[in-house]
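Heads up, the thing below is written out as C-alpha cells.
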Amino acid sequence: MRNMDEDNITRAVIGMHASSGNPRLRVLMTSLVQHLHAFAREVELTEDEWFRGIQFLTQVGHITTATRQEFILLSDTLGLSTLVTALNNKKPQGCTEATVFGPFHVEDSPRVELGGDVANGAQGEPCFVSGTVVDPDGRSVPHAELQVWQADAAGNYDVQYGADEPHRARATLNADERGAFYFKSIRAESYPIPHDGPVGQMLEALGRHPWRPAHLHFMVTAPGFERLITHVFRNGDQYLDSDAVFGVRSSLIADWDEHPPGHAPDGTVSAVPFYTLNFRFVLNPASAAAAPAGRKKTVAVG
Ligand code: BEZ
Ligand code: FE
C-alpha cells in the first residue's frame with residue numbers, strides 16, 4: 001500500500017493483521033493499534049513527544065533485569081496491573097479480594113514449619129501473624145499453602161540486596177488440618193517502590209510520590225480453590241489512600257496490635273514490644289472461578 005496518511009494508516013495496519021493465524025492476537029493487536037492511533041490523534045502528538053516516549057521506553061528496557069522489573073513498575077504505577085487484576089478476579093461476595101502481584105515474588109521460597117520464623121534475620125520489629133483459611137461458608141480449608149513475602153524495616157525486599165543473599169522475610173508454609181496458620185515475622189512498614197529509574201522520574205514529573213502503604217503479600221493455594229494473590233495492609237498507614245500502585249482495598253486492611261514486652265504468642269518472652277496480626281482468608285471455589293464462555297485468559301504469542 002502507498003500514500004498513507006492520517007485518514008487511512010489505521011485501517012492499513014489493521015488490515016495487515018487480518019491473516020494472522022492467531023485470532024486472539026488479532027483481537028489484541030487490532031484494538032491496541034486503534035487505541036494507540038486514537039491517542040496520537042487526540043493529543044496531536046508531536047514528533048518530539050513521540051521521540052521522548054521512545055527514549056523513555058528504551059530507558060525502561062535498559063534498567064530491566066530479572067530482579068529489577070521496570071516494566072511491571074510502569075504497569076503498576078499507571079494502574080494497568082490493578083485494572084487487569086480487577087478484570088480477572090471477580091469473586092462472589094465474602095471471598096478475599098485479590099490485589100496486585102508486584103515484582104518481588106520468588107518461586108520456591110524457603111519452607112517454614114507452622115509457628116516458624118519467616119523473618120530469618122530481616123530487620124524490623126517482631127510481629128506474630130496468625131489466621132485461618134476458609135471457604136465462603138466458613139468451613140476450614142485444611143493444609144492450604146501460604147506463600148508470604150514482605151519488605152524489611154528499611155523498605156527493601158531480600159532480592160533487592162543481591163542474588164547471593166539468603167531469603168529473608170519470605171517463606172512458604174502450610175496451614176494445619178483446621179486451616180489455621182501462624183508464624184513469626186517483622187512488622188510491615190510503608191516503603192517507596194524503586195524510584196531511581198525512569199518510572200521514578202515519571203512519577204516525579206507528574207508530582208506523584210512512590211510510596212506504598214505497609215503490607216504483607218500472600219499467595220494462598222489449595223486444591224479445589226482459585227489461587228489467591230493478595231496483600232494485607234496495615235490499618236492507620238498514611239499511604240492507604242495514595243498507594244503508588246493503586247492496590248489498596250478496604251477489605252484487606254487489618255489491625256497490627258501493639259503489645260508491651262512480655263509473653264508472646266509463641267510462648268517466648270519478648271524483651272521488646274511486639275505486634276500481632278490476625279487475618280482470615282476466604283478462598284473462592286475453583287468451580288465459581290471458571291472463565292466466562294468466550295473469554296480467553298491467556299494469549300500465546302509466537
Ligand atoms: C510490592 O508491593 O512489592 C510492589 C508492588 C508494585 C510495585 C513495586 C512493589
Ligand atoms: Fe510489597
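The chains in the C-alpha cells are called A, B, ... from first to last as shown; in each chain the residues are counted from 1, and the ligands are counted from 1 in the order shown.
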Exercise for review: Do a neighbour search on Phe281 in chain A at 9 Å with only C-alpha atoms, toss out local chain neighbours closer than 3 positions, and write the hits as a PyMOL selection string.
Suggested key: chain A and resi 95-96+131-135+220+228
Sorted by chain and rising residue number, which residues of chain A lie within 7 Å of ligand 1, and what are their closest atom pairs and distances in Å to one decimal, counting only C-alpha atoms and all ligand atoms, as a tab-separated table?
```
residue	atom	partner	partner_atom_place_in_ligand_line	distance
A:Ile72	CA	ligand 1	7 (C)	7.0
A:Leu73	CA	ligand 1	7 (C)	5.0
A:Asp76	CA	ligand 1	6 (C)	5.6
A:Val100	CA	ligand 1	5 (C)	6.6
A:Phe101	CA	ligand 1	5 (C)	6.5
A:Gly102	CA	ligand 1	5 (C)	3.5
A:Pro103	CA	ligand 1	9 (C)	5.8
A:Phe104	CA	ligand 1	3 (O)	5.4
A:Ile193	CA	ligand 1	8 (C)	4.7
A:Pro194	CA	ligand 1	8 (C)	6.8
A:Arg212	CA	ligand 1	2 (O)	7.0
A:Val245	CA	ligand 1	6 (C)	5.7
```
Given the selection you just returned, output its residues as a file containing all heavy atoms, formatted as a compact mmCIF listing (two decimals), in the first residue's frame.
```txt
# COMPACT_ATOMS: atom_id res chain seq x y z
N ILE A 72 7.06 -3.85 34.94
CA ILE A 72 5.98 -4.12 35.90
C ILE A 72 5.71 -2.86 36.71
O ILE A 72 4.55 -2.49 36.94
CB ILE A 72 6.32 -5.32 36.80
CG1 ILE A 72 6.39 -6.60 35.96
CG2 ILE A 72 5.25 -5.47 37.90
CD1 ILE A 72 6.57 -7.87 36.77
N LEU A 73 6.77 -2.16 37.12
CA LEU A 73 6.57 -0.90 37.87
C LEU A 73 5.76 0.09 37.03
O LEU A 73 4.89 0.79 37.55
CB LEU A 73 7.91 -0.26 38.22
CG LEU A 73 8.78 -0.92 39.26
CD1 LEU A 73 10.01 -0.07 39.53
CD2 LEU A 73 8.01 -1.16 40.54
N ASP A 76 2.23 -1.05 37.00
CA ASP A 76 1.63 -0.84 38.33
C ASP A 76 1.30 0.63 38.57
O ASP A 76 0.22 0.97 39.04
CB ASP A 76 2.61 -1.30 39.42
CG ASP A 76 2.83 -2.80 39.43
OD1 ASP A 76 2.00 -3.53 38.87
OD2 ASP A 76 3.85 -3.24 40.00
N VAL A 100 -2.68 -6.43 43.45
CA VAL A 100 -1.52 -6.55 42.55
C VAL A 100 -0.47 -7.53 43.06
O VAL A 100 -0.25 -7.67 44.27
CB VAL A 100 -0.84 -5.19 42.31
CG1 VAL A 100 -1.72 -4.29 41.46
CG2 VAL A 100 -0.49 -4.51 43.63
N PHE A 101 0.20 -8.19 42.14
CA PHE A 101 1.23 -9.19 42.46
C PHE A 101 2.53 -8.50 42.90
O PHE A 101 3.19 -8.91 43.85
CB PHE A 101 1.47 -10.02 41.19
CG PHE A 101 2.16 -11.32 41.41
CD1 PHE A 101 2.12 -11.98 42.63
CD2 PHE A 101 2.84 -11.92 40.36
CE1 PHE A 101 2.76 -13.20 42.81
CE2 PHE A 101 3.48 -13.13 40.53
CZ PHE A 101 3.44 -13.77 41.74
N GLY A 102 2.90 -7.44 42.19
CA GLY A 102 4.17 -6.78 42.47
C GLY A 102 5.34 -7.56 41.87
O GLY A 102 5.17 -8.69 41.43
N PRO A 103 6.53 -6.97 41.86
CA PRO A 103 7.67 -7.59 41.17
C PRO A 103 8.57 -8.42 42.08
O PRO A 103 9.61 -8.89 41.63
CB PRO A 103 8.43 -6.37 40.65
CG PRO A 103 8.16 -5.30 41.65
CD PRO A 103 6.79 -5.56 42.22
N PHE A 104 8.21 -8.61 43.35
CA PHE A 104 9.18 -9.20 44.28
C PHE A 104 8.83 -10.61 44.74
O PHE A 104 9.40 -11.11 45.71
CB PHE A 104 9.37 -8.28 45.50
CG PHE A 104 9.97 -6.96 45.15
CD1 PHE A 104 9.33 -5.77 45.47
CD2 PHE A 104 11.17 -6.88 44.46
CE1 PHE A 104 9.87 -4.54 45.14
CE2 PHE A 104 11.73 -5.66 44.11
CZ PHE A 104 11.08 -4.49 44.45
N ILE A 193 8.40 2.35 46.24
CA ILE A 193 8.79 1.41 45.18
C ILE A 193 10.10 1.93 44.57
O ILE A 193 10.42 3.12 44.72
CB ILE A 193 7.68 1.29 44.10
CG1 ILE A 193 7.47 2.63 43.38
CG2 ILE A 193 6.39 0.77 44.71
CD1 ILE A 193 6.61 2.50 42.13
N PRO A 194 10.87 1.07 43.92
CA PRO A 194 12.13 1.55 43.34
C PRO A 194 11.86 2.77 42.44
O PRO A 194 11.07 2.70 41.50
CB PRO A 194 12.62 0.35 42.52
CG PRO A 194 12.00 -0.83 43.21
CD PRO A 194 10.66 -0.37 43.69
N ARG A 212 4.27 3.04 49.02
CA ARG A 212 3.21 2.06 49.21
C ARG A 212 2.92 1.96 50.70
O ARG A 212 3.84 1.96 51.53
CB ARG A 212 3.65 0.67 48.73
CG ARG A 212 3.94 0.58 47.24
CD ARG A 212 3.50 -0.78 46.73
NE ARG A 212 2.07 -0.91 46.84
CZ ARG A 212 1.41 -2.05 46.94
NH1 ARG A 212 2.06 -3.19 46.96
NH2 ARG A 212 0.09 -2.08 47.04
N VAL A 245 0.71 2.30 43.62
CA VAL A 245 0.32 1.31 42.61
C VAL A 245 -1.17 0.94 42.70
O VAL A 245 -1.58 -0.05 42.11
CB VAL A 245 1.22 0.05 42.66
CG1 VAL A 245 2.68 0.45 42.54
CG2 VAL A 245 1.00 -0.77 43.91
```
Closest-contact table, chain A side, partner ligand 2, 8 Å, counting only C-alpha atoms and all ligand atoms, as JSON lines:
```
{"residue": "A:Gly102", "atom": "CA", "partner": "ligand 2", "partner_atom_place_in_ligand_line": "1 (Fe)", "distance": 6.4}
{"residue": "A:Phe104", "atom": "CA", "partner": "ligand 2", "partner_atom_place_in_ligand_line": "1 (Fe)", "distance": 7.2}
{"residue": "A:Trp149", "atom": "CA", "partner": "ligand 2", "partner_atom_place_in_ligand_line": "1 (Fe)", "distance": 7.7}
{"residue": "A:Gln150", "atom": "CA", "partner": "ligand 2", "partner_atom_place_in_ligand_line": "1 (Fe)", "distance": 5.8}
{"residue": "A:Ala151", "atom": "CA", "partner": "ligand 2", "partner_atom_place_in_ligand_line": "1 (Fe)", "distance": 6.4}
{"residue": "A:Tyr157", "atom": "CA", "partner": "ligand 2", "partner_atom_place_in_ligand_line": "1 (Fe)", "distance": 7.9}
{"residue": "A:Arg212", "atom": "CA", "partner": "ligand 2", "partner_atom_place_in_ligand_line": "1 (Fe)", "distance": 7.4}
{"residue": "A:Ala214", "atom": "CA", "partner": "ligand 2", "partner_atom_place_in_ligand_line": "1 (Fe)", "distance": 7.8}
{"residue": "A:His215", "atom": "CA", "partner": "ligand 2", "partner_atom_place_in_ligand_line": "1 (Fe)", "distance": 6.3}
{"residue": "A:Leu216", "atom": "CA", "partner": "ligand 2", "partner_atom_place_in_ligand_line": "1 (Fe)", "distance": 6.7}
{"residue": "A:His217", "atom": "CA", "partner": "ligand 2", "partner_atom_place_in_ligand_line": "1 (Fe)", "distance": 6.3}
```
Point to revise | range 176-187 of chain A surroundings by only C-alpha atoms, 6 Å radius, close-in-sequence under 6 positions cut, as a list in words | key: Leu114, Gly115, Gly116, Asp117, Val118, Ala119, Gly124, Glu125, Pro126, Cys127, Phe128, Val129, Ser130, Gly131, Thr132, Val133, Ser140, Val141, Pro142 and His143 of chain A
Practice item. Just give me the gap between CA of Leu173 in chain A and CA of Asp108 in chain A in Å, one decimal is fine. Key: 11.1 Å
**Study point:** Residue among A:Pro136, A:Asn8, A:His37, A:Gly247 lying closest to Leu80 in chain A, counting only C-alpha atoms
**Key:**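 Going through A:Pro136, A:Asn8, A:His37, A:Gly247 one by one, the smallest distance to Leu80 in chain A is for A:Gly247.
Comparing A:Phe225, A:Tyr161, A:Phe274, A:Phe233 by their smallest distance to Ala254 in chain A, the closest is A:Phe233 (using only C-alpha atoms).
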Check your understanding: In Å, how far is it from CA of Pro192 in chain A to CA of Pro210 in chain A?
Key ->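 Computed distance, CA of Pro192 in chain A to CA of Pro210 in chain A, equals 4.9 Å.
If you look at CA of Ala169 in chain A and CA of Gln123 in chain A, they are 9.0 Å away from each other.
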Exercise for review: Determine the nearest neighbour of Thr64 in chain A from the options A:Pro285, A:Pro273, A:Pro261, A:Gly197, counting only C-alpha atoms.
Suggested key: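 Of A:Pro285, A:Pro273, A:Pro261, A:Gly197, the one nearest Thr64 in chain A, counting only C-alpha atoms, is A:Gly197.
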If we count only C-alpha atoms, what is near Met1 in chain A at a cut-off of 10 Å, once residues fewer than 3 positions away on the same chain are taken out, given as a PDB file with C-alpha atoms, in the first residue's frame?
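In the end it all went to out.pdb:
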```pdb
ATOM      1  CA  MET A   4      -0.569   6.506   3.842  1.00  0.00           C
ATOM      2  CA  ILE A   9      -2.993   4.482   8.188  1.00  0.00           C
ATOM      3  CA  ALA A  12      -3.974  -0.236   6.658  1.00  0.00           C
TER       4      ALA A  12
END
```
Point to revise | Contact residues around Thr65 in chain A with only C-alpha atoms at 12 Å, ignoring same-chain residues under 5 positions, as a count of residues only | key: 7
Point to revise | Selected residue, from A:Thr10, A:Thr99, A:Thr58, A:Asn174, that lies nearest to Glu145 in chain A when counting only C-alpha atoms | key: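 Selected residue with least distance to Glu145 in chain A: A:Asn174.
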**Study point:** In range 93-267 of chain A, DSSP alpha helix (DSSP H) residues written as a ChimeraX atom specification
**Key:** /A:198-205
Could those residues be written to a file, using C-alpha atoms, as an mmCIF file, in the first residue's frame?
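The result, written out as again27.cif:
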```cif
data_model
loop_
_atom_site.group_PDB
_atom_site.id
_atom_site.type_symbol
_atom_site.label_atom_id
_atom_site.label_comp_id
_atom_site.auth_asym_id
_atom_site.auth_seq_id
_atom_site.Cartn_x
_atom_site.Cartn_y
_atom_site.Cartn_z
ATOM 1 C CA PRO A 198 12.666 6.106 34.512
ATOM 2 C CA VAL A 199 9.448 5.221 36.363
ATOM 3 C CA GLY A 200 10.645 7.260 39.344
ATOM 4 C CA GLN A 201 11.377 10.190 37.008
ATOM 5 C CA MET A 202 7.916 9.819 35.522
ATOM 6 C CA LEU A 203 6.313 9.906 38.985
ATOM 7 C CA GLU A 204 8.308 12.997 39.932
ATOM 8 C CA ALA A 205 7.400 14.781 36.693
#
```
Practice item. Rank A:Asn88, A:Asn3, A:Gln147, A:Asn120 by their smallest atom-to-atom distance to Pro166 in chain A, using only C-alpha atoms, and report the top residue only. Key: A:Asn120
